[in-house]
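Colleague: What follows is a structure written as structure tokens; I'll ask about it next.
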Amino acid sequence: MARKLYIETVGCQMNVLDSELVVASLRKEGYELAATPGEADTILFNTCSVRQHAEDKIYSALGRLKHAKTHNPDKVIGVLGCMAQKDQQLIFRRAPYVDLVVGPGQLHQVPQLIAEARQGAGPRLEVSLNRRDGSQEAIRRSHESFDPLRDPQMRPSPYQAYLRIMIGCDKFCTYCIVPSVRGPEQSRPPAEIVAEARQLASEGCKEVILLGQTVNSYRYRDEQGETRLADLLRQLHEIDGLERLKFVTNYPKDMTTRLLETVRDLPKCSPYLHVPLQSGSDAVLRRMKRGYTVGEYREMLARIREIIPSAAVTSDFIVGFCGETDEEFEATCESVRESRFKNSFIFKYSERPGTKGASLYPDDVPETVKRERNNRLLAIQNAISEEDNLRFLGQTVKVLVEGPSKTSQKQGQTGELVQLTGRTHCDRIVVFPGNRRLVGQLLPVMVYDTSAFTLHAEVVTQEVRPTVFQLDGLSSNV
Ligand code: 5AD
Ligand code: SF4
């Protein structure tokens with residue numbers, strides 16, 4: 001009988017991709033996916049360390065498995081990813097029934113480690129070197145990226161794929177744990193990336209989302225010279241079958257004019273740029289060691305708007321960072337009002353042991369103040385998103401259809417006609433009724449209602465000619 005795997009993933013797109021690759025490697029060994037931990041004989045958690053809350057969730061999920069493991073000692077329980085790298089042995093101390101702890105740089109070893117655990121080899125711990133525990137080269141080598149050529153059946157959607165172009169981060173923002181758990185910044189060779197994209201395209205993939213913690217810092221040097229993200233986009237743009245190229249997450253200081261011009265000039269590049277500002281106060285940005293001022297960010301945003309007028313720009317913000325005063329928070333509110341992001345992800349500061357922030361500054365903004373600032377900033381952003389989405393009313397936009405919407409899944413819609421969801425080129429979510437057959441197609445839909453997060457639309461019948469393509473700010477790239 002096939003072995004059953006249950007995997008739970010928290011965190012960013014990197015983790016989603018890592019889980020996909022782990023699942024693929026285990027399916028090759030004959031595993032099938034189980035819907036609940038109860039049905040599974042192997043239970044894996046792919047974890048995140050960016051905020052305390054993400055870790056608490058995993059520790060309580062592990063707590064709930066204690067009983068199951070006592071009754072069923074053959075179950076293999078594994079903790080993978082960033083929290084595994086950060087907490088290492090601590091995980092075995094807090095949950096002694098865990099069998100494997102595997103860092104993001106060792107995921108290729110998971111099938112082997114599960115087999116060893118099953119044979120009674122005892123707890124398996126495989127993690128990368130900490131950033132102070134070896135030579136630069138040894139540390140770099142210990143963080144291996146796990147990007148084997150993919151099995152198309154393992155992807156969540158056959159039409160979309162994440163593609164990692166770099167790992168790690170060297171920016172060391174003072175609040176952030178990523179540089180210690182994901183290791184030094186390392187760019188993958190362009191030839192490898194292009195080969196993977198070609199394979200994805202040959203399997204029917206239409207949209208590729210390039211991943212890197214600071215994706216626009218991509219830099220690969222060899223005898224032929226230096227390849228930056230702009231060069232890579234040009235190479236990927238040549239691939240037949242690929243229709244859309246997106247890339248996340250950008251670092252403001254590395255948003256070069258050449259990259260923006262490349263996005264403007266290549267029709268497959270989505271006019272969508274996620275470039276986190278984090279705070280609208282220079283003093284806070286300095287404490288965060290972000291490496292730019294609000295003025296410099298403003299200048300960059302102006303360049304984006306000038307070169308790609310249709311661009312949807314999104315941001316991340318941390319509220320309640322150490323010492324954040326009312327005035328400093330007000331400055332962030334003002335930045336959000338001024339910048340008119342498509343949307344913003346807003347987080348309450350969570351102190352991460354081992355970061356510069358934790359050792360330099362007390363986490364002194366009370367939780368209630370953080371919560372209140374979070375809500376206020378979100379309300380400002382949502383009002384802007386709602387207002388800006390209004391200009392789509394009555395317009396025709398081209399969507400890549402992703403699948404049945406959450407609502408249709410919740411309602412258990414089973415027929416051919418369901419509520420579908422897709423995204424515009426500028427990454428706006430669109431829902432509309434349609435036949436399941438449309439999944440994976442790029443098709444024009446007419447927007448008849450909008451909210452802060454969603455465009456509601458109807459499929460455009462062939463006779464109706466799309467009018468949107470001349471509209472200001474909704475160029476053919478929408
Ligand atoms: N606390 C709260 N939010 C954080 N982020 C990163 N580290 C922390 C932290 N310690 C946020 C940043 C980043 C996003 C992925 O998570 O806004 O851009
Ligand atoms: Fe963390 Fe800053 Fe690197 Fe982003 S750029 S992963 S916030 S250290």
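As shown in the structure tokens, the chain order sets the letters A, B, ...; within each chain, residues go from 1, and ligands are also counted from 1 in the order they appear.
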Which parts of segment 219-361 of chain A does DSSP call strand (DSSP E) when run on the backbone here, written out as a list in words?

Modeller: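 So, restricting segment 219-361 of chain A to strand (DSSP E), we get Arg219, Tyr220, Arg221, Asp222, Gly225, Glu226, Thr227, Arg228, Arg244, Leu245, Lys246, Phe247, Val248, Tyr272, Leu273, His274, Ala312, Val313, Thr314, Ser315, Asp316, Phe317, Ile318, Val319, Ser344, Phe345, Ile346, Phe347 and Lys348 of chain A.
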
Colleague: Where does chain A meet ligand 1 within 7 Å, residue by residue, with the nearest atom pair and distance in Å to one decimal for each, counting only C-alpha atoms and all ligand atoms, listed by chain and rising number, as a tab-separated table?

Modeller:
```
residue	atom	partner	partner_atom_place_in_ligand_line	distance
A:Val50	CA	ligand 1	7 (N)	4.9
A:Arg51	CA	ligand 1	1 (N)	5.2
A:Tyr175	CA	ligand 1	10 (N)	4.6
A:Cys176	CA	ligand 1	7 (N)	4.2
A:Ile177	CA	ligand 1	7 (N)	6.5
A:Pro276	CA	ligand 1	18 (O)	5.8
A:Gln278	CA	ligand 1	17 (O)	5.7
A:Asp316	CA	ligand 1	17 (O)	4.5
A:Phe317	CA	ligand 1	17 (O)	4.9
A:Ile318	CA	ligand 1	17 (O)	5.2
A:Ile346	CA	ligand 1	17 (O)	6.8
A:Phe347	CA	ligand 1	3 (N)	4.9
A:Lys348	CA	ligand 1	2 (C)	5.2
A:Tyr349	CA	ligand 1	1 (N)	3.8
A:Ser350	CA	ligand 1	1 (N)	3.8
A:Glu351	CA	ligand 1	10 (N)	5.2
A:Arg352	CA	ligand 1	10 (N)	5.5
```

Colleague: Once you have the residues from the selection above, write them out as a compact mmCIF listing (two decimals), in the first residue's frame, restricted to all heavy atoms.

Modeller:
```
# COMPACT_ATOMS: atom_id res chain seq x y z
N VAL A 50 9.71 34.20 10.27
CA VAL A 50 9.73 35.65 10.11
C VAL A 50 9.05 36.35 11.29
O VAL A 50 9.49 37.41 11.73
CB VAL A 50 9.13 36.04 8.75
CG1 VAL A 50 8.76 37.50 8.69
CG2 VAL A 50 10.12 35.75 7.66
N ARG A 51 7.99 35.75 11.80
CA ARG A 51 7.31 36.31 12.97
C ARG A 51 7.06 35.20 14.00
O ARG A 51 6.87 34.04 13.63
CB ARG A 51 5.98 36.96 12.57
CG ARG A 51 6.15 38.34 11.94
CD ARG A 51 4.89 38.85 11.30
NE ARG A 51 4.58 38.09 10.11
CZ ARG A 51 5.09 38.33 8.90
NH1 ARG A 51 5.92 39.33 8.73
NH2 ARG A 51 4.77 37.59 7.87
N TYR A 175 15.45 43.93 11.69
CA TYR A 175 14.33 43.16 12.24
C TYR A 175 14.26 41.73 11.70
O TYR A 175 13.49 40.91 12.19
CB TYR A 175 12.99 43.86 11.88
CG TYR A 175 12.86 44.15 10.40
CD1 TYR A 175 12.48 43.16 9.51
CD2 TYR A 175 13.17 45.41 9.90
CE1 TYR A 175 12.40 43.42 8.15
CE2 TYR A 175 13.09 45.67 8.54
CZ TYR A 175 12.71 44.68 7.68
OH TYR A 175 12.64 44.93 6.34
N CYS A 176 15.08 41.40 10.71
CA CYS A 176 14.77 40.23 9.88
C CYS A 176 15.66 39.02 10.15
O CYS A 176 16.89 39.12 10.20
CB CYS A 176 14.88 40.64 8.42
SG CYS A 176 14.32 39.34 7.31
N ILE A 177 15.04 37.87 10.26
CA ILE A 177 15.74 36.62 10.55
C ILE A 177 16.22 35.92 9.27
O ILE A 177 17.05 35.01 9.32
CB ILE A 177 14.78 35.68 11.37
CG1 ILE A 177 15.53 34.50 12.00
CG2 ILE A 177 13.64 35.16 10.51
CD1 ILE A 177 16.36 34.85 13.18
N PRO A 276 8.79 46.55 -1.13
CA PRO A 276 8.44 46.98 0.24
C PRO A 276 9.16 48.24 0.69
O PRO A 276 10.37 48.35 0.57
CB PRO A 276 8.87 45.78 1.09
CG PRO A 276 8.86 44.62 0.17
CD PRO A 276 9.29 45.17 -1.17
N GLN A 278 8.39 49.43 3.98
CA GLN A 278 8.52 49.05 5.40
C GLN A 278 8.15 50.15 6.40
O GLN A 278 7.49 49.89 7.38
CB GLN A 278 9.91 48.49 5.77
CG GLN A 278 10.42 47.35 4.88
CD GLN A 278 9.65 46.05 4.98
OE1 GLN A 278 8.65 45.97 5.69
NE2 GLN A 278 10.08 45.03 4.26
N ASP A 316 5.22 46.20 1.59
CA ASP A 316 5.08 45.64 2.94
C ASP A 316 5.38 46.75 3.93
O ASP A 316 6.20 47.63 3.64
CB ASP A 316 6.13 44.54 3.20
CG ASP A 316 5.92 43.29 2.37
OD1 ASP A 316 4.86 43.14 1.77
OD2 ASP A 316 6.86 42.45 2.34
N PHE A 317 4.75 46.68 5.10
CA PHE A 317 5.05 47.62 6.18
C PHE A 317 5.14 46.87 7.50
O PHE A 317 4.40 45.91 7.72
CB PHE A 317 3.95 48.69 6.32
CG PHE A 317 3.98 49.69 5.20
CD1 PHE A 317 3.15 49.52 4.10
CD2 PHE A 317 4.84 50.77 5.23
CE1 PHE A 317 3.19 50.42 3.05
CE2 PHE A 317 4.89 51.67 4.19
CZ PHE A 317 4.06 51.50 3.09
N ILE A 318 6.04 47.33 8.34
CA ILE A 318 6.09 46.83 9.71
C ILE A 318 5.66 47.98 10.61
O ILE A 318 6.25 49.07 10.52
CB ILE A 318 7.50 46.37 10.09
CG1 ILE A 318 7.92 45.18 9.21
CG2 ILE A 318 7.57 45.99 11.57
CD1 ILE A 318 9.33 44.69 9.45
N ILE A 346 0.66 44.40 5.82
CA ILE A 346 1.05 45.14 7.02
C ILE A 346 1.26 44.15 8.17
O ILE A 346 0.41 43.29 8.42
CB ILE A 346 -0.02 46.19 7.37
CG1 ILE A 346 -0.14 47.17 6.18
CG2 ILE A 346 0.34 46.95 8.65
CD1 ILE A 346 -1.37 48.02 6.20
N PHE A 347 2.40 44.29 8.83
CA PHE A 347 2.75 43.36 9.91
C PHE A 347 3.08 44.11 11.18
O PHE A 347 3.67 45.19 11.12
CB PHE A 347 3.97 42.52 9.50
CG PHE A 347 3.81 41.84 8.16
CD1 PHE A 347 4.43 42.35 7.03
CD2 PHE A 347 3.03 40.70 8.03
CE1 PHE A 347 4.28 41.74 5.80
CE2 PHE A 347 2.87 40.09 6.81
CZ PHE A 347 3.50 40.60 5.68
N LYS A 348 2.71 43.50 12.30
CA LYS A 348 3.13 44.06 13.59
C LYS A 348 4.54 43.55 13.84
O LYS A 348 4.83 42.36 13.62
CB LYS A 348 2.20 43.56 14.71
CG LYS A 348 0.81 44.14 14.60
CD LYS A 348 -0.09 43.57 15.69
CE LYS A 348 -0.44 42.14 15.37
NZ LYS A 348 -1.27 41.47 16.36
N TYR A 349 5.40 44.43 14.32
CA TYR A 349 6.79 44.01 14.56
C TYR A 349 6.81 42.85 15.55
O TYR A 349 6.15 42.86 16.58
CB TYR A 349 7.61 45.18 15.11
CG TYR A 349 9.00 44.75 15.54
CD1 TYR A 349 9.87 44.16 14.63
CD2 TYR A 349 9.44 44.91 16.85
CE1 TYR A 349 11.14 43.74 15.01
CE2 TYR A 349 10.70 44.50 17.25
CZ TYR A 349 11.55 43.91 16.31
OH TYR A 349 12.80 43.49 16.70
N SER A 350 7.60 41.85 15.21
CA SER A 350 7.77 40.69 16.07
C SER A 350 9.27 40.51 16.29
O SER A 350 10.02 40.31 15.32
CB SER A 350 7.17 39.47 15.35
OG SER A 350 7.54 38.27 15.95
N GLU A 351 9.69 40.64 17.52
CA GLU A 351 11.14 40.58 17.79
C GLU A 351 11.68 39.18 17.49
O GLU A 351 11.09 38.18 17.93
CB GLU A 351 11.41 40.93 19.25
CG GLU A 351 12.88 41.00 19.55
CD GLU A 351 13.14 41.45 20.99
OE1 GLU A 351 13.14 40.60 21.89
OE2 GLU A 351 13.31 42.67 21.19
N ARG A 352 12.77 39.12 16.76
CA ARG A 352 13.38 37.83 16.43
C ARG A 352 14.73 37.69 17.12
O ARG A 352 15.67 38.42 16.78
CB ARG A 352 13.59 37.70 14.89
CG ARG A 352 12.39 37.94 14.01
CD ARG A 352 11.32 36.87 14.04
NE ARG A 352 10.82 36.50 15.34
CZ ARG A 352 10.54 35.26 15.71
NH1 ARG A 352 10.76 34.26 14.91
NH2 ARG A 352 10.04 35.00 16.88
```

Colleague: Using only C-alpha atoms and all ligand atoms, which residues have at least one atom no more than 6 Å from ligand 2? Output them as a ChimeraX atom specification.

Modeller: /A:169,171-173,176,178-179,213-214

Colleague: Just want the 7 Å neighbourhood of segment 387-401 of chain A, counted on only C-alpha atoms, with same-chain residues fewer than 3 positions away dropped. Output as a compact mmCIF listing (two decimals) with C-alpha atoms, in the first residue's frame.

Modeller:
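New file part20.txt:
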```txt
# COMPACT_ATOMS: atom_id res chain seq x y z
CA ALA A 383 -9.69 52.89 1.01
CA ILE A 384 -7.03 53.62 -1.64
CA THR A 421 -10.76 33.19 -10.27
CA GLY A 422 -7.84 34.62 -12.20
CA ARG A 423 -5.43 37.51 -12.27
CA THR A 424 -4.80 40.44 -14.53
CA HIS A 425 -1.33 41.12 -15.89
CA LEU A 438 -11.50 27.95 -19.16
CA VAL A 439 -8.90 27.18 -16.47
CA GLY A 440 -5.43 27.89 -17.82
CA GLN A 441 -6.64 30.22 -20.56
CA LEU A 442 -5.82 33.87 -20.99
CA LEU A 443 -9.08 35.55 -21.76
CA PRO A 444 -10.78 38.94 -21.74
CA VAL A 445 -13.41 39.59 -19.10
CA MET A 446 -15.55 42.66 -18.51
CA VAL A 447 -15.48 44.19 -15.01
CA TYR A 448 -18.92 45.16 -13.64
CA ASP A 449 -18.18 45.58 -9.94
CA THR A 450 -15.10 46.24 -7.81
CA SER A 451 -13.96 46.16 -4.20
CA ALA A 452 -10.63 46.80 -2.47
CA PRO A 466 -12.19 44.79 -25.92
CA THR A 467 -11.93 48.53 -25.51
CA VAL A 468 -9.55 48.69 -22.61
CA VAL A 478 -3.21 45.24 -17.96
```

Colleague: Can you measure atom CA of Asp41 of chain A to atom CA of His53 of chain A for me? One decimal in Å is fine.

Modeller: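 Atom-to-atom, atom CA of Asp41 of chain A to atom CA of His53 of chain A, that is 27.0 Å.
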
Colleague: With only C-alpha atoms as the counted atoms, please give the residues lying no more than 8 Å from Arg219 of chain A, apart from itself and same-chain residues fewer than 4 positions off, as a list in words.

Modeller: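 Here the qualifying residues turn out to be Ser187, Glu226, Thr227, Arg228 and Leu229 of chain A.
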
Colleague: I need the residue nearest Val284 of chain A from this list: A:Thr174, A:Ser25, A:Thr355, A:Gln186. Use only C-alpha atoms for the distance.

Modeller: A:Thr174

Colleague: Give me the segment 235-269 of chain A side of the contact with segment 190-203 of chain A, cut-off 12 Å, one line per residue showing its nearest atom pair and distance in Å at one decimal, counting only C-alpha atoms, sorted by chain and residue number, as CSV.

Modeller:
```
residue,atom,partner,partner_atom,distance
A:Gln235,CA,A:Val194,CA,7.2
A:Leu236,CA,A:Val194,CA,6.2
A:His237,CA,A:Val194,CA,9.8
A:Glu238,CA,A:Arg198,CA,9.7
A:Ile239,CA,A:Arg198,CA,6.4
A:Asp240,CA,A:Ala201,CA,7.2
A:Gly241,CA,A:Ala201,CA,5.5
A:Leu242,CA,A:Ala201,CA,5.7
A:Glu243,CA,A:Ala201,CA,9.2
A:Arg244,CA,A:Ala201,CA,10.9
A:Leu245,CA,A:Ala197,CA,10.4
```

Colleague: Export N, CA, C and O atoms of the chosen residues as a short mmCIF file (atom, residue, chain, number, x, y, z; two decimals), in the first residue's frame?

Modeller:
```
data_model
loop_
_atom_site.label_atom_id
_atom_site.label_comp_id
_atom_site.auth_asym_id
_atom_site.auth_seq_id
_atom_site.Cartn_x
_atom_site.Cartn_y
_atom_site.Cartn_z
N GLN A 235 16.17 36.85 -21.70
CA GLN A 235 16.34 35.45 -22.12
C GLN A 235 15.04 34.66 -21.94
O GLN A 235 14.65 33.89 -22.81
N LEU A 236 14.37 34.88 -20.82
CA LEU A 236 13.15 34.12 -20.55
C LEU A 236 12.02 34.55 -21.50
O LEU A 236 11.16 33.75 -21.85
N HIS A 237 12.06 35.81 -21.89
CA HIS A 237 11.02 36.35 -22.77
C HIS A 237 10.98 35.63 -24.10
O HIS A 237 9.94 35.57 -24.77
N GLU A 238 12.11 35.06 -24.50
CA GLU A 238 12.20 34.36 -25.80
C GLU A 238 11.44 33.03 -25.79
O GLU A 238 11.20 32.45 -26.84
N ILE A 239 11.13 32.51 -24.62
CA ILE A 239 10.61 31.14 -24.55
C ILE A 239 9.17 31.09 -25.03
O ILE A 239 8.28 31.76 -24.49
N ASP A 240 8.95 30.29 -26.08
CA ASP A 240 7.59 30.13 -26.62
C ASP A 240 6.69 29.47 -25.59
O ASP A 240 7.11 28.55 -24.89
N GLY A 241 5.47 29.94 -25.54
CA GLY A 241 4.50 29.31 -24.63
C GLY A 241 4.36 30.10 -23.34
O GLY A 241 3.27 30.21 -22.79
N LEU A 242 5.46 30.66 -22.85
CA LEU A 242 5.34 31.51 -21.65
C LEU A 242 4.64 32.80 -22.05
O LEU A 242 4.97 33.39 -23.07
N GLU A 243 3.67 33.21 -21.24
CA GLU A 243 2.92 34.42 -21.58
C GLU A 243 3.17 35.54 -20.58
O GLU A 243 3.02 36.70 -20.90
N ARG A 244 3.46 35.14 -19.34
CA ARG A 244 3.63 36.17 -18.31
C ARG A 244 4.84 35.86 -17.44
O ARG A 244 5.06 34.72 -17.05
N LEU A 245 5.57 36.93 -17.13
CA LEU A 245 6.72 36.82 -16.23
C LEU A 245 6.54 37.82 -15.09
O LEU A 245 6.34 39.01 -15.34
#
```

Colleague: Tell me, as JSON, numbers by chain, which residues lie within 8 Å of Ser19 of chain A, counting only C-alpha atoms; anything in the same chain fewer than 3 positions away does not count.

Modeller: {"A": [7, 9, 15, 16, 22, 23, 46]}

Colleague: Those residues with C-alpha atoms, as a short mmCIF file (atom, residue, chain, number, x, y, z; two decimals), in the first residue's frame please?

Modeller:
```cif
data_model
loop_
_atom_site.label_atom_id
_atom_site.label_comp_id
_atom_site.auth_asym_id
_atom_site.auth_seq_id
_atom_site.Cartn_x
_atom_site.Cartn_y
_atom_site.Cartn_z
CA ILE A 7 2.30 18.38 4.58
CA THR A 9 3.15 24.89 4.73
CA ASN A 15 8.21 27.84 1.19
CA VAL A 16 5.34 27.00 -1.13
CA VAL A 22 9.57 17.96 -1.35
CA VAL A 23 6.18 16.52 -2.31
CA ASN A 46 7.38 23.41 6.30
#
```

Colleague: So, counting only C-alpha atoms, which residue among A:Arg373, A:Arg286, A:Arg436, A:Lys86 is closest to Thr325 of chain A?

Modeller: A:Arg373

Colleague: Residues at most 6 Å from Gly320 of chain A, counting only C-alpha atoms, excluding those fewer than 2 positions away in the same chain, as a VMD selection string?

Modeller: chain A and resid 324 349 365 370

Colleague: Grab the residues selected above and save them as an mmCIF file, in the first residue's frame with C-alpha atoms.

Modeller:
```
data_model
loop_
_atom_site.group_PDB
_atom_site.id
_atom_site.type_symbol
_atom_site.label_atom_id
_atom_site.label_comp_id
_atom_site.auth_asym_id
_atom_site.auth_seq_id
_atom_site.Cartn_x
_atom_site.Cartn_y
_atom_site.Cartn_z
ATOM 1 C CA GLU A 324 8.241 53.926 16.761
ATOM 2 C CA TYR A 349 6.786 44.011 14.563
ATOM 3 C CA VAL A 365 5.688 49.483 21.467
ATOM 4 C CA LYS A 370 0.768 47.797 17.346
#
```

Colleague: Pick the closest to Gly403 of chain A from A:Pro158, A:Gly291, A:Gly212, A:Gly204: which is it, counting only C-alpha atoms?

Modeller: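 Of A:Pro158, A:Gly291, A:Gly212, A:Gly204, the one nearest Gly403 of chain A is A:Pro158, counting only C-alpha atoms.
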
Colleague: Set the distance at 12 Å and use only C-alpha atoms: which residues neighbour Ala54 of chain A once local chain neighbours fewer than 4 positions away are removed? I'd like the list as a PyMOL selection string.

Modeller: chain A and resi 9-12+45-50+58-61+82-83+350+352

Colleague: Go ahead and write the residues just picked, C-alpha atoms, as a PDB file, in the first residue's frame.

Modeller:
```
ATOM      1  CA  THR A   9       3.154  24.888   4.731  1.00  0.00           C
ATOM      2  CA  VAL A  10       3.340  28.320   6.306  1.00  0.00           C
ATOM      3  CA  GLY A  11       5.211  31.407   5.141  1.00  0.00           C
ATOM      4  CA  CYS A  12       6.267  32.883   1.846  1.00  0.00           C
ATOM      5  CA  PHE A  45       5.605  20.937   8.537  1.00  0.00           C
ATOM      6  CA  ASN A  46       7.380  23.406   6.299  1.00  0.00           C
ATOM      7  CA  THR A  47       7.912  26.308   8.643  1.00  0.00           C
ATOM      8  CA  CYS A  48       8.501  30.059   8.762  1.00  0.00           C
ATOM      9  CA  SER A  49      10.464  32.129  11.291  1.00  0.00           C
ATOM     10  CA  VAL A  50       9.731  35.649  10.114  1.00  0.00           C
ATOM     11  CA  ILE A  58       3.762  25.090  14.356  1.00  0.00           C
ATOM     12  CA  TYR A  59       4.641  24.339  17.976  1.00  0.00           C
ATOM     13  CA  SER A  60       0.961  24.011  18.838  1.00  0.00           C
ATOM     14  CA  ALA A  61       0.338  21.791  15.792  1.00  0.00           C
ATOM     15  CA  CYS A  82      13.301  28.198   8.404  1.00  0.00           C
ATOM     16  CA  MET A  83      12.228  27.286  11.938  1.00  0.00           C
ATOM     17  CA  SER A 350       7.771  40.685  16.069  1.00  0.00           C
ATOM     18  CA  ARG A 352      13.379  37.828  16.427  1.00  0.00           C
TER      19      ARG A 352
END
```

Colleague: Rank nothing, just name the residue among A:Glu39, A:Glu116, A:Glu8, A:Asp87 nearest to Asn72 of chain A, using only C-alpha atoms.

Modeller: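 The answer is A:Glu39, which sits nearest to Asn72 of chain A.
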
Colleague: For the helix (DSSP H, G or I) assignment from backbone DSSP, which residues of segment 288-330 of chain A qualify? Please present them as a PyMOL selection string.

Modeller: chain A and resi 288+294-307+326-330

Colleague: So how far away is atom CA of Leu233 of chain A from atom CA of Asp147 of chain A, in Å?

Modeller: 19.0 Å
